[in-house]
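One file, query_32.cif, is given below (mmCIF, C-alpha atoms).
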data_coords
loop_
_atom_site.label_atom_id
_atom_site.label_comp_id
_atom_site.auth_asym_id
_atom_site.auth_seq_id
_atom_site.Cartn_x
_atom_site.Cartn_y
_atom_site.Cartn_z
CA MET A 1 -61.39 0.72 28.03
CA THR A 2 -62.93 3.39 30.25
CA GLY A 3 -60.78 6.43 30.81
CA GLU A 4 -58.28 5.44 28.11
CA THR A 5 -57.56 7.74 25.19
CA THR A 6 -58.34 6.40 21.75
CA HIS A 7 -55.42 7.44 19.59
CA ARG A 8 -55.82 8.26 15.92
CA LEU A 9 -53.30 6.66 13.58
CA GLY A 10 -52.30 7.69 10.09
CA VAL A 11 -50.71 4.91 8.02
CA LEU A 12 -48.50 5.49 4.96
CA GLY A 13 -47.81 2.60 2.61
CA SER A 14 -46.71 1.88 -0.95
CA GLY A 15 -47.57 -1.82 -1.20
CA LYS A 16 -50.00 -4.50 -0.18
CA GLY A 17 -50.46 -3.22 3.34
CA SER A 18 -50.15 -6.40 5.37
CA ASN A 19 -48.75 -4.49 8.35
CA PHE A 20 -51.60 -2.01 8.07
CA VAL A 21 -54.08 -4.89 8.22
CA ALA A 22 -52.33 -6.36 11.29
CA ILE A 23 -52.58 -3.00 13.06
CA ALA A 24 -56.17 -2.35 11.99
CA GLU A 25 -57.16 -5.80 13.25
CA ALA A 26 -55.41 -5.22 16.58
CA CYS A 27 -57.29 -1.91 16.91
CA ALA A 28 -60.60 -3.59 16.06
CA ALA A 29 -59.92 -6.36 18.59
CA GLY A 30 -59.32 -3.75 21.29
CA SER A 31 -55.73 -4.83 21.89
CA ILE A 32 -54.46 -1.38 20.81
CA PRO A 33 -56.25 1.72 22.19
CA ALA A 34 -56.39 3.35 18.75
CA ARG A 35 -58.10 3.46 15.37
CA VAL A 36 -56.64 3.98 11.94
CA ALA A 37 -58.06 7.37 10.90
CA VAL A 38 -56.57 7.59 7.42
CA VAL A 39 -54.36 5.65 4.99
CA LEU A 40 -52.20 7.46 2.43
CA SER A 41 -50.23 6.04 -0.46
CA ASP A 42 -47.80 7.35 -3.05
CA VAL A 43 -48.84 4.54 -5.41
CA ALA A 44 -52.28 4.93 -6.97
CA GLU A 45 -52.85 1.21 -7.41
CA ALA A 46 -51.32 0.10 -4.06
CA GLY A 47 -53.18 -2.76 -2.42
CA ILE A 48 -53.14 -0.93 0.91
CA LEU A 49 -55.71 1.60 -0.40
CA GLY A 50 -58.23 -1.07 -1.39
CA ARG A 51 -57.74 -2.99 1.84
CA ALA A 52 -58.31 0.20 3.87
CA ARG A 53 -61.49 1.06 1.95
CA ALA A 54 -62.74 -2.50 2.44
CA LEU A 55 -62.41 -1.88 6.20
CA GLY A 56 -64.28 1.43 5.92
CA ILE A 57 -61.14 3.51 6.52
CA PRO A 58 -60.58 6.69 4.44
CA ALA A 59 -57.74 6.04 2.00
CA HIS A 60 -56.15 8.42 -0.47
CA TYR A 61 -53.55 8.36 -3.19
CA LEU A 62 -51.43 11.50 -2.89
CA PRO A 63 -48.96 12.06 -5.77
CA PRO A 64 -45.37 12.06 -4.51
CA GLY A 65 -43.91 14.54 -6.98
CA PRO A 66 -40.97 14.10 -9.36
CA TYR A 67 -38.39 12.38 -7.11
CA ARG A 68 -37.94 8.63 -6.92
CA THR A 69 -36.99 8.14 -3.25
CA LYS A 70 -38.58 11.09 -1.43
CA LEU A 71 -41.60 13.38 -1.47
CA ASP A 72 -41.13 16.83 -2.96
CA GLU A 73 -41.96 19.87 -0.84
CA ALA A 74 -45.51 20.29 -2.14
CA ALA A 75 -46.25 16.59 -1.71
CA GLU A 76 -44.86 16.59 1.82
CA ALA A 77 -47.19 19.50 2.65
CA ALA A 78 -50.15 17.62 1.16
CA TYR A 79 -49.38 14.51 3.25
CA VAL A 80 -49.09 16.59 6.41
CA ALA A 81 -52.35 18.39 5.62
CA ALA A 82 -54.23 15.13 5.05
CA LEU A 83 -52.90 13.68 8.33
CA LYS A 84 -53.74 16.84 10.27
CA ALA A 85 -57.22 16.93 8.70
CA ALA A 86 -57.74 13.41 10.03
CA ALA A 87 -56.58 14.57 13.50
CA VAL A 88 -53.86 11.93 13.55
CA ASP A 89 -51.58 11.83 16.60
CA TRP A 90 -49.24 9.03 15.44
CA VAL A 91 -47.95 8.30 11.93
CA LEU A 92 -47.02 4.71 11.03
CA LEU A 93 -44.94 3.86 8.01
CA ALA A 94 -45.90 0.45 6.68
CA GLY A 95 -43.90 -0.33 3.58
CA PHE A 96 -43.78 3.34 2.56
CA MET A 97 -40.96 3.53 0.04
CA ARG A 98 -40.04 7.19 0.40
CA ILE A 99 -37.77 8.90 2.90
CA LEU A 100 -39.45 11.51 5.09
CA LYS A 101 -37.40 14.44 6.32
CA GLY A 102 -37.55 17.99 7.54
CA ALA A 103 -41.01 19.50 7.44
CA PHE A 104 -42.85 16.17 7.73
CA LEU A 105 -40.97 15.05 10.83
CA ARG A 106 -41.31 18.50 12.41
CA ALA A 107 -45.09 18.25 11.96
CA PHE A 108 -45.19 15.05 14.07
CA PRO A 109 -42.16 15.33 16.35
CA GLY A 110 -41.22 11.97 17.85
CA ARG A 111 -44.51 10.54 16.59
CA VAL A 112 -43.46 8.78 13.37
CA LEU A 113 -42.84 5.06 13.54
CA ASN A 114 -41.34 2.68 10.98
CA ILE A 115 -40.85 -1.07 10.63
CA HIS A 116 -37.78 -2.50 8.90
CA PRO A 117 -37.13 -6.14 7.94
CA SER A 118 -33.72 -6.56 9.60
CA LEU A 119 -32.10 -6.29 13.01
CA LEU A 120 -30.87 -2.73 12.63
CA PRO A 121 -28.17 -1.41 12.48
CA ALA A 122 -27.48 -4.41 10.21
CA PHE A 123 -28.86 -4.16 6.68
CA PRO A 124 -30.54 -0.77 6.44
CA GLY A 125 -32.12 0.24 3.13
CA LEU A 126 -33.85 -1.76 0.45
CA GLU A 127 -34.52 -5.52 0.36
CA ALA A 128 -32.92 -6.14 3.73
CA TRP A 129 -33.80 -9.84 3.54
CA ARG A 130 -31.77 -10.17 0.34
CA GLN A 131 -28.85 -8.28 1.91
CA ALA A 132 -28.96 -10.65 4.91
CA LEU A 133 -28.92 -13.77 2.71
CA GLU A 134 -26.07 -12.44 0.62
CA TYR A 135 -24.00 -11.54 3.69
CA GLY A 136 -24.56 -15.03 5.02
CA VAL A 137 -25.99 -14.23 8.47
CA LYS A 138 -27.79 -17.03 10.32
CA VAL A 139 -30.11 -14.75 12.29
CA THR A 140 -31.91 -11.68 11.02
CA GLY A 141 -35.16 -10.11 12.17
CA VAL A 142 -37.44 -7.13 12.34
CA THR A 143 -37.03 -3.69 13.90
CA VAL A 144 -39.69 -1.14 14.87
CA HIS A 145 -38.10 2.26 15.37
CA LEU A 146 -38.92 5.92 15.75
CA VAL A 147 -38.08 7.85 12.60
CA ASP A 148 -35.40 10.51 12.67
CA GLN A 149 -33.60 12.39 9.88
CA GLY A 150 -31.46 9.37 8.92
CA VAL A 151 -32.37 6.25 6.96
CA ASP A 152 -33.34 3.48 9.41
CA THR A 153 -31.39 5.13 12.24
CA GLY A 154 -33.95 6.27 14.84
CA PRO A 155 -34.30 4.90 18.39
CA ILE A 156 -35.37 1.25 18.41
CA VAL A 157 -38.66 0.35 20.13
CA ARG A 158 -38.80 -3.39 19.56
CA GLN A 159 -36.86 -6.08 17.69
CA GLY A 160 -37.66 -9.69 16.94
CA ALA A 161 -35.20 -12.31 15.69
CA VAL A 162 -35.85 -14.65 12.75
CA ALA A 163 -33.63 -17.64 11.93
CA ILE A 164 -32.26 -18.04 8.41
CA HIS A 165 -32.41 -21.59 7.09
CA ASP A 166 -29.86 -23.12 4.74
CA ASP A 167 -32.54 -23.58 2.08
CA ASP A 168 -34.01 -20.08 2.39
CA THR A 169 -34.61 -18.04 -0.72
CA PRO A 170 -35.30 -14.29 -0.63
CA GLU A 171 -38.99 -15.15 -0.94
CA THR A 172 -39.21 -17.69 1.91
CA LEU A 173 -37.19 -15.47 4.23
CA HIS A 174 -39.24 -12.39 3.37
CA HIS A 175 -42.41 -14.33 4.15
CA ARG A 176 -41.19 -15.35 7.63
CA LEU A 177 -40.02 -11.82 8.37
CA GLN A 178 -43.49 -10.51 7.51
CA GLN A 179 -45.08 -12.93 9.97
CA THR A 180 -42.87 -11.51 12.72
CA GLU A 181 -43.64 -7.96 11.57
CA HIS A 182 -47.36 -8.54 12.08
CA ASP A 183 -46.80 -9.37 15.75
CA LEU A 184 -44.05 -6.87 16.44
CA TYR A 185 -45.61 -3.70 15.02
CA PRO A 186 -48.78 -3.84 17.16
CA ALA A 187 -46.67 -4.73 20.24
CA ALA A 188 -44.33 -1.79 19.71
CA LEU A 189 -47.21 0.58 19.08
CA ASN A 190 -48.93 -0.59 22.23
CA LEU A 191 -45.87 0.27 24.30
CA LEU A 192 -45.64 3.74 22.75
CA LEU A 193 -49.35 4.49 23.18
CA SER A 194 -49.18 3.41 26.82
CA GLY A 195 -46.91 6.39 27.45
CA GLN A 196 -44.92 4.16 29.81
CA TRP A 197 -41.57 4.56 28.10
CA ALA A 198 -38.66 6.92 27.85
CA VAL A 199 -35.64 7.43 25.59
CA ARG A 200 -32.37 7.29 27.55
CA GLY A 201 -29.44 8.09 25.27
CA ARG A 202 -30.55 6.04 22.28
CA ARG A 203 -32.33 3.39 24.37
CA VAL A 204 -36.12 3.16 24.41
CA VAL A 205 -36.96 1.66 27.80
CA GLY A 206 -40.26 0.82 29.44
CA THR A 207 -41.22 2.72 32.57
CA GLY A 208 -44.25 0.60 33.44
CA PRO A 209 -45.56 -2.96 33.24
CA ALA A 210 -45.72 -2.74 29.42
CA GLY A 211 -41.96 -2.34 29.12
CA LYS A 212 -40.46 -5.77 28.80
CA GLY A 213 -37.45 -5.19 26.54
CA GLY A 214 -36.49 -7.39 23.62
CA GLN A 215 -38.27 -10.26 21.96
CA PRO A 216 -35.54 -12.56 20.74
CA GLN A 217 -37.87 -15.39 19.84
CA PRO A 218 -40.14 -14.98 16.81
CA MET B 1 -16.67 -43.14 17.42
CA THR B 2 -15.23 -45.86 15.24
CA GLY B 3 -13.87 -44.69 11.92
CA GLU B 4 -14.10 -41.04 12.88
CA THR B 5 -11.04 -38.81 12.84
CA THR B 6 -10.03 -37.20 16.11
CA HIS B 7 -9.15 -33.65 15.21
CA ARG B 8 -6.46 -31.70 17.04
CA LEU B 9 -7.39 -28.19 18.11
CA GLY B 10 -5.16 -25.25 18.97
CA VAL B 11 -6.80 -22.59 21.12
CA LEU B 12 -5.56 -18.98 21.38
CA GLY B 13 -6.83 -16.79 24.21
CA SER B 14 -5.95 -13.67 26.17
CA GLY B 15 -8.37 -13.95 29.08
CA LYS B 16 -10.11 -16.33 31.43
CA GLY B 17 -10.77 -18.97 28.80
CA SER B 18 -14.41 -19.81 29.47
CA ASN B 19 -14.96 -20.71 25.82
CA PHE B 20 -11.87 -22.89 25.90
CA VAL B 21 -13.30 -24.75 28.90
CA ALA B 22 -16.66 -25.23 27.14
CA ILE B 23 -14.88 -26.73 24.13
CA ALA B 24 -12.53 -28.88 26.18
CA GLU B 25 -15.51 -30.23 28.13
CA ALA B 26 -17.42 -31.00 24.91
CA CYS B 27 -14.35 -32.86 23.62
CA ALA B 28 -14.03 -34.80 26.88
CA ALA B 29 -17.72 -35.69 26.79
CA GLY B 30 -17.31 -37.07 23.27
CA SER B 31 -19.75 -34.59 21.74
CA ILE B 32 -16.98 -33.14 19.56
CA PRO B 33 -14.63 -35.57 17.73
CA ALA B 34 -11.52 -33.64 18.78
CA ARG B 35 -9.10 -32.84 21.55
CA VAL B 36 -7.41 -29.61 22.48
CA ALA B 37 -3.75 -30.26 21.69
CA VAL B 38 -2.31 -26.92 22.80
CA VAL B 39 -3.34 -23.58 24.29
CA LEU B 40 -1.39 -20.39 23.52
CA SER B 41 -1.70 -16.96 25.09
CA ASP B 42 -0.20 -13.52 24.51
CA VAL B 43 -0.79 -12.70 28.19
CA ALA B 44 1.57 -14.42 30.63
CA GLU B 45 -0.90 -14.35 33.53
CA ALA B 46 -4.03 -15.18 31.48
CA GLY B 47 -6.44 -17.51 33.28
CA ILE B 48 -6.76 -19.68 30.18
CA LEU B 49 -3.21 -20.99 30.68
CA GLY B 50 -3.87 -22.18 34.22
CA ARG B 51 -7.20 -23.71 33.30
CA ALA B 52 -5.58 -25.62 30.42
CA ARG B 53 -2.77 -26.94 32.63
CA ALA B 54 -5.34 -28.02 35.22
CA LEU B 55 -6.92 -30.14 32.48
CA GLY B 56 -3.53 -31.60 31.50
CA ILE B 57 -3.36 -29.67 28.25
CA PRO B 58 -0.02 -28.12 27.17
CA ALA B 59 -0.26 -24.35 27.54
CA HIS B 60 2.30 -21.70 26.66
CA TYR B 61 2.72 -17.97 26.91
CA LEU B 62 4.23 -16.69 23.68
CA PRO B 63 5.28 -13.02 23.72
CA PRO B 64 3.34 -11.00 21.12
CA GLY B 65 6.02 -8.47 20.25
CA PRO B 66 5.85 -4.69 20.38
CA TYR B 67 2.43 -3.98 18.82
CA ARG B 68 -0.74 -3.52 20.83
CA THR B 69 -3.36 -5.05 18.52
CA LYS B 70 -1.45 -7.60 16.44
CA LEU B 71 1.44 -10.05 16.59
CA ASP B 72 4.71 -8.95 15.04
CA GLU B 73 6.26 -11.12 12.34
CA ALA B 74 8.52 -13.09 14.65
CA ALA B 75 5.70 -13.72 17.12
CA GLU B 76 3.39 -14.85 14.34
CA ALA B 77 6.03 -17.34 13.24
CA ALA B 78 6.41 -18.60 16.81
CA TYR B 79 2.65 -19.13 17.17
CA VAL B 80 2.50 -21.01 13.86
CA ALA B 81 5.49 -23.15 14.88
CA ALA B 82 3.93 -24.07 18.22
CA LEU B 83 0.63 -25.00 16.56
CA LYS B 84 2.38 -27.05 13.86
CA ALA B 85 4.51 -28.78 16.52
CA ALA B 86 1.27 -29.83 18.23
CA ALA B 87 -0.03 -31.14 14.87
CA VAL B 88 -3.09 -28.92 15.10
CA ASP B 89 -5.58 -29.03 12.21
CA TRP B 90 -7.99 -26.31 13.44
CA VAL B 91 -7.20 -23.08 15.28
CA LEU B 92 -9.83 -21.60 17.57
CA LEU B 93 -9.68 -18.02 18.79
CA ALA B 94 -11.30 -17.74 22.21
CA GLY B 95 -11.00 -14.19 23.47
CA PHE B 96 -7.68 -13.68 21.69
CA MET B 97 -7.24 -9.93 21.57
CA ARG B 98 -4.90 -9.66 18.59
CA ILE B 99 -5.69 -9.55 14.90
CA LEU B 100 -4.21 -12.38 12.84
CA LYS B 101 -3.31 -11.75 9.24
CA GLY B 102 -1.15 -12.84 6.36
CA ALA B 103 1.31 -15.54 7.27
CA PHE B 104 -0.74 -16.96 10.13
CA LEU B 105 -3.90 -17.38 8.07
CA ARG B 106 -1.93 -18.84 5.16
CA ALA B 107 -0.52 -21.47 7.55
CA PHE B 108 -4.06 -22.68 8.37
CA PRO B 109 -6.09 -21.78 5.30
CA GLY B 110 -9.82 -21.78 6.06
CA ARG B 111 -9.10 -23.46 9.40
CA VAL B 112 -9.18 -20.53 11.82
CA LEU B 113 -12.38 -19.92 13.75
CA ASN B 114 -13.44 -17.02 15.97
CA ILE B 115 -16.35 -16.19 18.26
CA HIS B 116 -17.66 -12.65 18.58
CA PRO B 117 -20.23 -11.32 21.08
CA SER B 118 -22.64 -9.68 18.61
CA LEU B 119 -24.76 -10.58 15.64
CA LEU B 120 -22.24 -9.60 12.98
CA PRO B 121 -22.12 -7.49 10.82
CA ALA B 122 -23.53 -5.36 13.68
CA PHE B 123 -21.00 -4.22 16.31
CA PRO B 124 -17.64 -5.59 15.16
CA GLY B 125 -14.59 -4.78 17.26
CA LEU B 126 -14.13 -4.34 20.98
CA GLU B 127 -16.74 -4.58 23.75
CA ALA B 128 -19.55 -5.41 21.35
CA TRP B 129 -22.01 -5.76 24.25
CA ARG B 130 -21.35 -2.17 25.27
CA GLN B 131 -21.74 -1.00 21.65
CA ALA B 132 -25.10 -2.82 21.46
CA LEU B 133 -26.39 -1.25 24.66
CA GLU B 134 -25.31 2.21 23.57
CA TYR B 135 -26.94 1.85 20.16
CA GLY B 136 -30.16 0.78 21.86
CA VAL B 137 -30.80 -2.53 20.10
CA LYS B 138 -33.28 -4.93 21.70
CA VAL B 139 -31.69 -8.10 20.32
CA THR B 140 -28.00 -8.87 20.05
CA GLY B 141 -26.21 -12.21 20.09
CA VAL B 142 -23.17 -14.27 19.30
CA THR B 143 -21.44 -15.13 16.02
CA VAL B 144 -19.00 -17.94 15.23
CA HIS B 145 -17.20 -17.22 11.98
CA LEU B 146 -14.26 -18.31 9.90
CA VAL B 147 -11.43 -15.80 10.07
CA ASP B 148 -10.36 -13.92 6.98
CA GLN B 149 -8.12 -10.88 6.49
CA GLY B 150 -10.73 -8.44 7.84
CA VAL B 151 -11.81 -7.74 11.41
CA ASP B 152 -14.88 -9.87 12.22
CA THR B 153 -15.76 -10.21 8.53
CA GLY B 154 -15.30 -13.90 7.63
CA PRO B 155 -18.07 -16.32 6.61
CA ILE B 156 -20.53 -16.96 9.45
CA VAL B 157 -20.93 -20.52 10.70
CA ARG B 158 -23.50 -20.06 13.46
CA GLN B 159 -25.31 -17.23 15.23
CA GLY B 160 -27.45 -17.18 18.35
CA ALA B 161 -29.73 -14.32 19.45
CA VAL B 162 -29.79 -12.85 22.95
CA ALA B 163 -32.48 -10.45 24.17
CA ILE B 164 -31.46 -7.15 25.75
CA HIS B 165 -33.48 -6.23 28.82
CA ASP B 166 -34.38 -2.69 29.83
CA ASP B 167 -32.40 -3.07 33.06
CA ASP B 168 -29.30 -4.62 31.46
CA THR B 169 -25.89 -3.24 32.29
CA PRO B 170 -22.78 -4.05 30.24
CA GLU B 171 -21.96 -6.67 32.87
CA THR B 172 -25.33 -8.49 32.93
CA LEU B 173 -25.53 -8.51 29.13
CA HIS B 174 -21.96 -9.73 28.76
CA HIS B 175 -22.72 -12.57 31.16
CA ARG B 176 -25.77 -13.74 29.15
CA LEU B 177 -23.81 -13.50 25.90
CA GLN B 178 -21.12 -15.73 27.36
CA GLN B 179 -23.68 -18.38 28.28
CA THR B 180 -24.80 -18.46 24.63
CA GLU B 181 -21.16 -18.55 23.49
CA HIS B 182 -20.54 -21.72 25.48
CA ASP B 183 -23.31 -23.53 23.56
CA LEU B 184 -22.71 -21.98 20.17
CA TYR B 185 -18.95 -22.48 19.81
CA PRO B 186 -19.03 -26.29 20.28
CA ALA B 187 -22.07 -26.53 17.98
CA ALA B 188 -20.35 -24.55 15.22
CA LEU B 189 -17.15 -26.53 15.60
CA ASN B 190 -19.06 -29.78 15.38
CA LEU B 191 -20.58 -28.75 12.05
CA LEU B 192 -17.17 -27.79 10.66
CA LEU B 193 -15.45 -30.98 11.85
CA SER B 194 -18.23 -33.08 10.33
CA GLY B 195 -17.08 -31.86 6.93
CA GLN B 196 -20.73 -31.69 5.90
CA TRP B 197 -20.75 -28.05 4.93
CA ALA B 198 -19.81 -25.75 2.07
CA VAL B 199 -19.34 -22.02 1.51
CA ARG B 200 -21.64 -20.71 -1.23
CA GLY B 201 -20.92 -17.07 -1.91
CA ARG B 202 -20.56 -15.92 1.67
CA ARG B 203 -23.05 -18.46 3.05
CA VAL B 204 -21.88 -21.41 5.13
CA VAL B 205 -24.49 -24.10 4.52
CA GLY B 206 -24.82 -27.62 5.80
CA THR B 207 -24.62 -30.46 3.28
CA GLY B 208 -25.63 -33.23 5.68
CA PRO B 209 -27.82 -33.92 8.69
CA ALA B 210 -25.63 -31.66 10.87
CA GLY B 211 -26.52 -28.58 8.81
CA LYS B 212 -29.56 -27.04 10.40
CA GLY B 213 -29.01 -23.31 9.78
CA GLY B 214 -29.58 -20.59 12.35
CA GLN B 215 -30.27 -20.77 16.05
CA PRO B 216 -32.41 -17.76 16.82
CA GLN B 217 -33.32 -18.90 20.31
CA PRO B 218 -30.62 -18.85 22.97
#
Just give me the structure as structure tokens.
Amino acid sequence: MTGETTHRLGVLGSGKGSNFVAIAEACAAGSIPARVAVVLSDVAEAGILGRARALGIPAHYLPPGPYRTKLDEAAEAAYVAALKAAAVDWVLLAGFMRILKGAFLRAFPGRVLNIHPSLLPAFPGLEAWRQALEYGVKVTGVTVHLVDQGVDTGPIVRQGAVAIHDDDTPETLHHRLQQTEHDLYPAALNLLLSGQWAVRGRRVVGTGPAGKGGQPQP
Amino acid sequence: MTGETTHRLGVLGSGKGSNFVAIAEACAAGSIPARVAVVLSDVAEAGILGRARALGIPAHYLPPGPYRTKLDEAAEAAYVAALKAAAVDWVLLAGFMRILKGAFLRAFPGRVLNIHPSLLPAFPGLEAWRQALEYGVKVTGVTVHLVDQGVDTGPIVRQGAVAIHDDDTPETLHHRLQQTEHDLYPAALNLLLSGQWAVRGRRVVGTGPAGKGGQPQP
């Protein structure tokens, strides 16, 4: 990829890290002009840390502080410092179970990305697949969005639809959503890294050949 | 269709009636075991009335009364009387711009169906395609649902996804949504008329070969 910048990604996760692996593999395959420079977790025993180390990627547990759903001020500073030390230019949330606000977002303005297992604005928050089943929708999906000060409210980069089957359980639906996530997150990231996009109102639109709009079919 | 009941449908609409035509055509083609017995409109000059008469279907303008978004009590009684006189067993809303409550729904318990141009619970209410564009979603769609006392809140029978393109305007998106509506409404109605379904919690699930869950692809 002569002449193309190699971006440096920081990934934050609290769980197994399957989206991290999908992104790391896309980087390794050359389909994303980036490398994962560092992985951080608020859970010491999170699978994402071991999977990163197995791929030779620096991975650190950073204690989140006393709160249950956010980082405290000192922890937020430590996360920012670790990402800056790794010279990260984009931050990807991949199953990171804490809300980021204020100082963190100001450190990476417009450069924090999240993936959520529903078609936002439907079913924000926890266990979106369970919310979708309980509401009785027939179609749900996955959203990749830029992170702003709200919870699951930032401008949407990509969405993919996933059908709900009559015999779905939370587990079977969650599994199919994850399969769509693993395609959608690298695709959304690729658009953003291309630079060929703009935010108009709340709409993220492509400004070059990479911008192709929605992906309604899983 | 030996041994199969022919259902009698009442259709309420305020506009051009393209969903009414799709349903009437599916009935005429024998793909729905029903006929449209009467069409009612709250708008004297609505296109749906002329299109019904052209197909030989009784069609009446019934004045809605003084309110802007609902029928008054006398109007509601007149609509119910006209539907009962036509021996209707299912009522289909097809672009009917007034909220039905109380007495009307009690007259046809669990037998009133509506179509809405979004993937509910996202974007209830008016001009859902415009709401979707302004929010910046990449996937929207169409929902067929049973009508309850809320606005666009009843149990969902079928949904179909529609991709939003970067160059979509409210008009182009609305047009694509309508194309999906014309497939989805007859399909949802066919499931309901088959009787092979049940509501579990809020989930409408098939109990026979007709129950195939979601339709994520337009």
Requested in this report: To verify the selection step, state as a PyMOL selection string which residues the PyMOL selection byres ((chain A and resi 184-197) around 6) yields on this input.
Outcome: chain A and resi 23+32+158+181-183+198+205-208+210
Query - Within 10 Å of file point (2.6, -9.9, 10.2), counting only C-alpha atoms, expressed as a list in words - result: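 Residues close enough to count: Lys70, Leu71, Asp72, Glu73, Ala74, Ala75, Glu76, Ala77, Ile99, Leu100, Lys101, Gly102, Ala103 and Phe104 of chain B.
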Report summary line: Taken to one decimal, the CA of Arg68 in chain B-CA of Arg98 in chain B distance is 7.7 Å
Query - Best match for closeness to Leu9 in chain B among B:Ala87, B:Gly95, B:Tyr61, B:Ala78, counting all atoms listed in the file - result: B:Ala87
Query raised in the report: Counting all atoms listed in the file, which residues from chain B have an atom at most 9 Å from any atom of chain A, and could you show them as a VMD selection string?
Result: chain B and resid 119 to 123 133 to 140 143 155 to 167 200 to 206 211 to 218
Query - Output check: residues returned by the PyMOL selection byres ((chain B and resi 36) around 7), as a list in words - result: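 Given this file, the PyMOL selection byres ((chain B and resi 36) around 7) evaluates to Arg8, Leu9, Gly10, Ala24, Ala34, Arg35, Ala37 and Val38 of chain B.
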Query raised in the report: Can you tell me how far CA of Ala44 in chain B sits from CA of Leu92 in chain B, in Å to one decimal?
Result: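 Those two atoms sit 18.8 Å apart.
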Requested in this report: Using CA of Asp89 in chain B and CA of Asn114 in chain B as the two end points, give the distance in Å to one decimal.
Outcome: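 Distance reported for this atom pair: 14.8 Å.
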Query - Shortest interatomic distance to Val144 in chain B - which of B:Ala81, B:Asn19, B:Thr69, B:Gly56, counting all atoms listed in the file - result: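 Using all atoms listed in the file, the shortest distance to Val144 in chain B belongs to B:Asn19.
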Report task. Quick one: residues within 7 Å of (-14.9, -7.3, 11.7) (file frame), counting all atoms listed in the file, please, as number ranges by chain. Result -> B: 124-125, 150-153
Report task. Compare B:Val11, B:Leu177, B:Ala29, B:Val21 by their minimum atom-to-atom distance to Ala94 in chain B, counting only C-alpha atoms, and give me the closest one. Result ->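 Of all the options, B:Val11 lies closest to Ala94 in chain B.
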Report task. Find, counting all atoms listed in the file, the residue in B:Ser118, B:Ser41, B:Thr172, B:Gln178 that gets nearest to Gln131 in chain B. Result ->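 Under the stated criterion, the closest residue is B:Ser118.
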Query raised in the report: Near Gly17 in chain A, within 9 Å and counting only C-alpha atoms, which residues show up once chain neighbours fewer than 3 positions away are dropped, as an MDAnalysis selection string?
Result: chainID A and resid 13:14 20:22 46:49 51:52 94:95
For C-alpha atoms, I'd like the residues from the last selection saved as a PDB file, keeping the file's coordinate frame.
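That gives us part_0.pdb:
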ATOM      1  CA  GLY A  13     -47.810   2.600   2.610  1.00  0.00           C
ATOM      2  CA  SER A  14     -46.710   1.880  -0.950  1.00  0.00           C
ATOM      3  CA  PHE A  20     -51.600  -2.010   8.070  1.00  0.00           C
ATOM      4  CA  VAL A  21     -54.080  -4.890   8.220  1.00  0.00           C
ATOM      5  CA  ALA A  22     -52.330  -6.360  11.290  1.00  0.00           C
ATOM      6  CA  ALA A  46     -51.320   0.100  -4.060  1.00  0.00           C
ATOM      7  CA  GLY A  47     -53.180  -2.760  -2.420  1.00  0.00           C
ATOM      8  CA  ILE A  48     -53.140  -0.930   0.910  1.00  0.00           C
ATOM      9  CA  LEU A  49     -55.710   1.600  -0.400  1.00  0.00           C
ATOM     10  CA  ARG A  51     -57.740  -2.990   1.840  1.00  0.00           C
ATOM     11  CA  ALA A  52     -58.310   0.200   3.870  1.00  0.00           C
ATOM     12  CA  ALA A  94     -45.900   0.450   6.680  1.00  0.00           C
ATOM     13  CA  GLY A  95     -43.900  -0.330   3.580  1.00  0.00           C
TER      14      GLY A  95
END
